[in-house]
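Only one structure is covered here, and it is reproduced in the block below.
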Amino acid sequence: MSDINKIQQAVNSGESELQHAIDSTNQFVDEIVTEQEALRKSKNLPIQDFQKFITDDVVEKLDNQISLLNDAAQTAHSMATGAFLNNEKNITVEGTKNLDFVKLEQLADNFNSMAFSIETYGMARSFESWEEASAYLPSRREESLLAIPLNEAIIHSSSVIDEPIIAEPVTEEGNVDGQSVASTEQTDAERYPEAITSVFKISEAMDSHRIIIKELDQLSALLEVYSSEFRQDPEGTLAQAKGHLERIKVAAQTERTGFEKFFKTAGPEAN
């Protein structure tokens, strides 16, 4: 599937995926806080033992929700890219008239931010009270996940109406109002596929900086407790640090060759 087709697919079906991510995360936050409080009360745990709540099954739940949010962030970004290409670059992406490019990008940021908050919750060792731990995810939900309502990013109202298509009278000779019908011109996507590929690749890099920041934050948090963690689990702690560095390396790689070829071959049209 080509990159432009991936964008079109995101525009066509993305709204339901984004709504599912919001609804699912809302439910997840409520459930995880309820489970946390139930364990605390049944075990009478001090806050210093918070990590005892982060069992393997809880880690799996956290990871699944993080993955779902990251996927939703990419979908929101692809939808925003579709709106940008259609509205600003005259590259046809259908179904983008009701998409707010800016708010979709903000929504993508918010999904990534919520995913990072869930990951931080799972690694937390510095909550000062159980009340603080219980309030952390709900407060992050309000500040990130729900900060941009979906109906502001994808607008459904009578104000968004497609312009009616009015057919021009056609003569028996196949002319429109006596003028010859011009041959169908190629779209920019057809004429410069390598440029469209790079637009998509480079737009993906807009998400990369968030990944790098997240990994650096987590690496910084690990380094604060590295000595004690390393004494308990040398191989695991080293592998964790290397994992952060490797993900930073992957996220930092950006493909730009398509744009270079585009500017060499497109001439004045590149502007």
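As shown in the structure tokens, the chain order sets the letters A, B, ...; within each chain, residues go from 1, and ligands are also counted from 1 in the order they appear.
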Determine, counting only C-alpha atoms, which protein, DNA and RNA residues have an atom within 7 Å of an atom of stretch 8-18 of chain A; residues of the same chain fewer than 5 positions away are not included. Present the result as a list in words.
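Counting only the stated atoms, we get Ala72, Thr75, Ser78, Met79, Gly82, Val93 and Gly95 of chain A.
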Going by DSSP on the backbone, which residues of stretch 38-96 of chain A come out as alpha helix (DSSP H)? List them as a count of residues only.
39
Skip stretch 232-240 of chain A itself and residues of its chain fewer than 5 positions away, then list as a PyMOL selection string all residues within 9 Å of it, counting only C-alpha atoms.
chain A and resi 219+222+226-227+245
Could you write those residues out with N, CA and C atoms, as a tab-separated table (two decimals), in the first residue's frame?
chain	number	residue	atom	x	y	z
A	219	LEU	N	15.06	7.61	30.33
A	219	LEU	CA	16.47	7.30	30.58
A	219	LEU	C	16.98	8.13	31.76
A	222	LEU	N	15.73	6.61	34.90
A	222	LEU	CA	16.47	5.39	35.20
A	222	LEU	C	17.83	5.71	35.80
A	226	TYR	N	19.96	4.37	38.98
A	226	TYR	CA	20.72	3.35	38.28
A	226	TYR	C	21.58	2.51	39.22
A	227	SER	N	22.24	3.16	40.17
A	227	SER	CA	23.16	2.42	41.05
A	227	SER	C	22.44	1.33	41.82
A	245	LEU	N	18.36	3.90	24.47
A	245	LEU	CA	19.30	4.47	23.50
A	245	LEU	C	19.02	3.97	22.08
Closest to A:Gln51 among A:Asn151, A:Ser126, A:Ser113, A:Asn70, using only C-alpha atoms?
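Answer, going by the shortest atom-to-atom distance: A:Ser126.
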Choose the residue, out of A:His77, A:Lys97, A:Lys214, A:His20, that has the smallest atom-to-atom separation from A:Met114; count only C-alpha atoms.
A:Lys214
Between A:Phe101, A:Tyr136, A:Phe111, A:Phe28, single out the one closest to A:Asn64, counting only C-alpha atoms.
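Between A:Phe101, A:Tyr136, A:Phe111, A:Phe28, the residue approaching A:Asn64 most closely is A:Phe28.
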Who sits within 8 Å of A:Ile154, only C-alpha atoms, same chain under 4 positions skipped, as a list in words
Glu15, Asn98, Leu99, Asp100, Leu104 and Leu150 of chain A
Could you save the residues just selected, with all heavy atoms, as a compact mmCIF listing (two decimals), in the first residue's frame?
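As a result, selection-v9.txt now contains:
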# COMPACT_ATOMS: atom_id res chain seq x y z
N GLU A 15 -11.78 8.09 12.40
CA GLU A 15 -12.60 8.65 13.47
C GLU A 15 -13.01 7.59 14.50
O GLU A 15 -12.94 7.82 15.71
CB GLU A 15 -13.85 9.31 12.90
CG GLU A 15 -14.72 9.96 13.97
CD GLU A 15 -15.90 10.71 13.39
OE1 GLU A 15 -16.12 10.66 12.16
OE2 GLU A 15 -16.62 11.36 14.18
N ASN A 98 -13.97 18.19 6.63
CA ASN A 98 -14.42 18.36 8.03
C ASN A 98 -13.29 18.13 9.04
O ASN A 98 -13.54 18.02 10.23
CB ASN A 98 -15.57 17.40 8.34
CG ASN A 98 -15.15 15.94 8.26
OD1 ASN A 98 -14.26 15.59 7.49
ND2 ASN A 98 -15.80 15.10 9.04
N LEU A 99 -12.04 18.08 8.55
CA LEU A 99 -10.91 17.83 9.44
C LEU A 99 -10.19 19.13 9.76
O LEU A 99 -9.88 19.91 8.87
CB LEU A 99 -9.93 16.84 8.80
CG LEU A 99 -10.48 15.47 8.40
CD1 LEU A 99 -9.35 14.59 7.86
CD2 LEU A 99 -11.19 14.79 9.55
N ASP A 100 -9.93 19.34 11.05
CA ASP A 100 -9.15 20.49 11.49
C ASP A 100 -7.71 20.05 11.67
O ASP A 100 -7.37 19.32 12.60
CB ASP A 100 -9.72 21.03 12.81
CG ASP A 100 -9.06 22.34 13.24
OD1 ASP A 100 -7.82 22.38 13.32
OD2 ASP A 100 -9.79 23.31 13.51
N LEU A 104 -6.12 18.21 15.00
CA LEU A 104 -5.75 16.80 14.86
C LEU A 104 -4.30 16.57 15.28
O LEU A 104 -3.96 15.56 15.90
CB LEU A 104 -5.97 16.32 13.42
CG LEU A 104 -7.39 15.89 13.08
CD1 LEU A 104 -7.55 15.73 11.57
CD2 LEU A 104 -7.78 14.60 13.79
N LEU A 150 -12.92 15.40 20.47
CA LEU A 150 -12.83 14.84 19.13
C LEU A 150 -13.70 15.60 18.14
O LEU A 150 -13.34 15.77 16.98
CB LEU A 150 -13.23 13.36 19.16
CG LEU A 150 -13.05 12.57 17.86
CD1 LEU A 150 -11.59 12.61 17.40
CD2 LEU A 150 -13.52 11.13 18.03
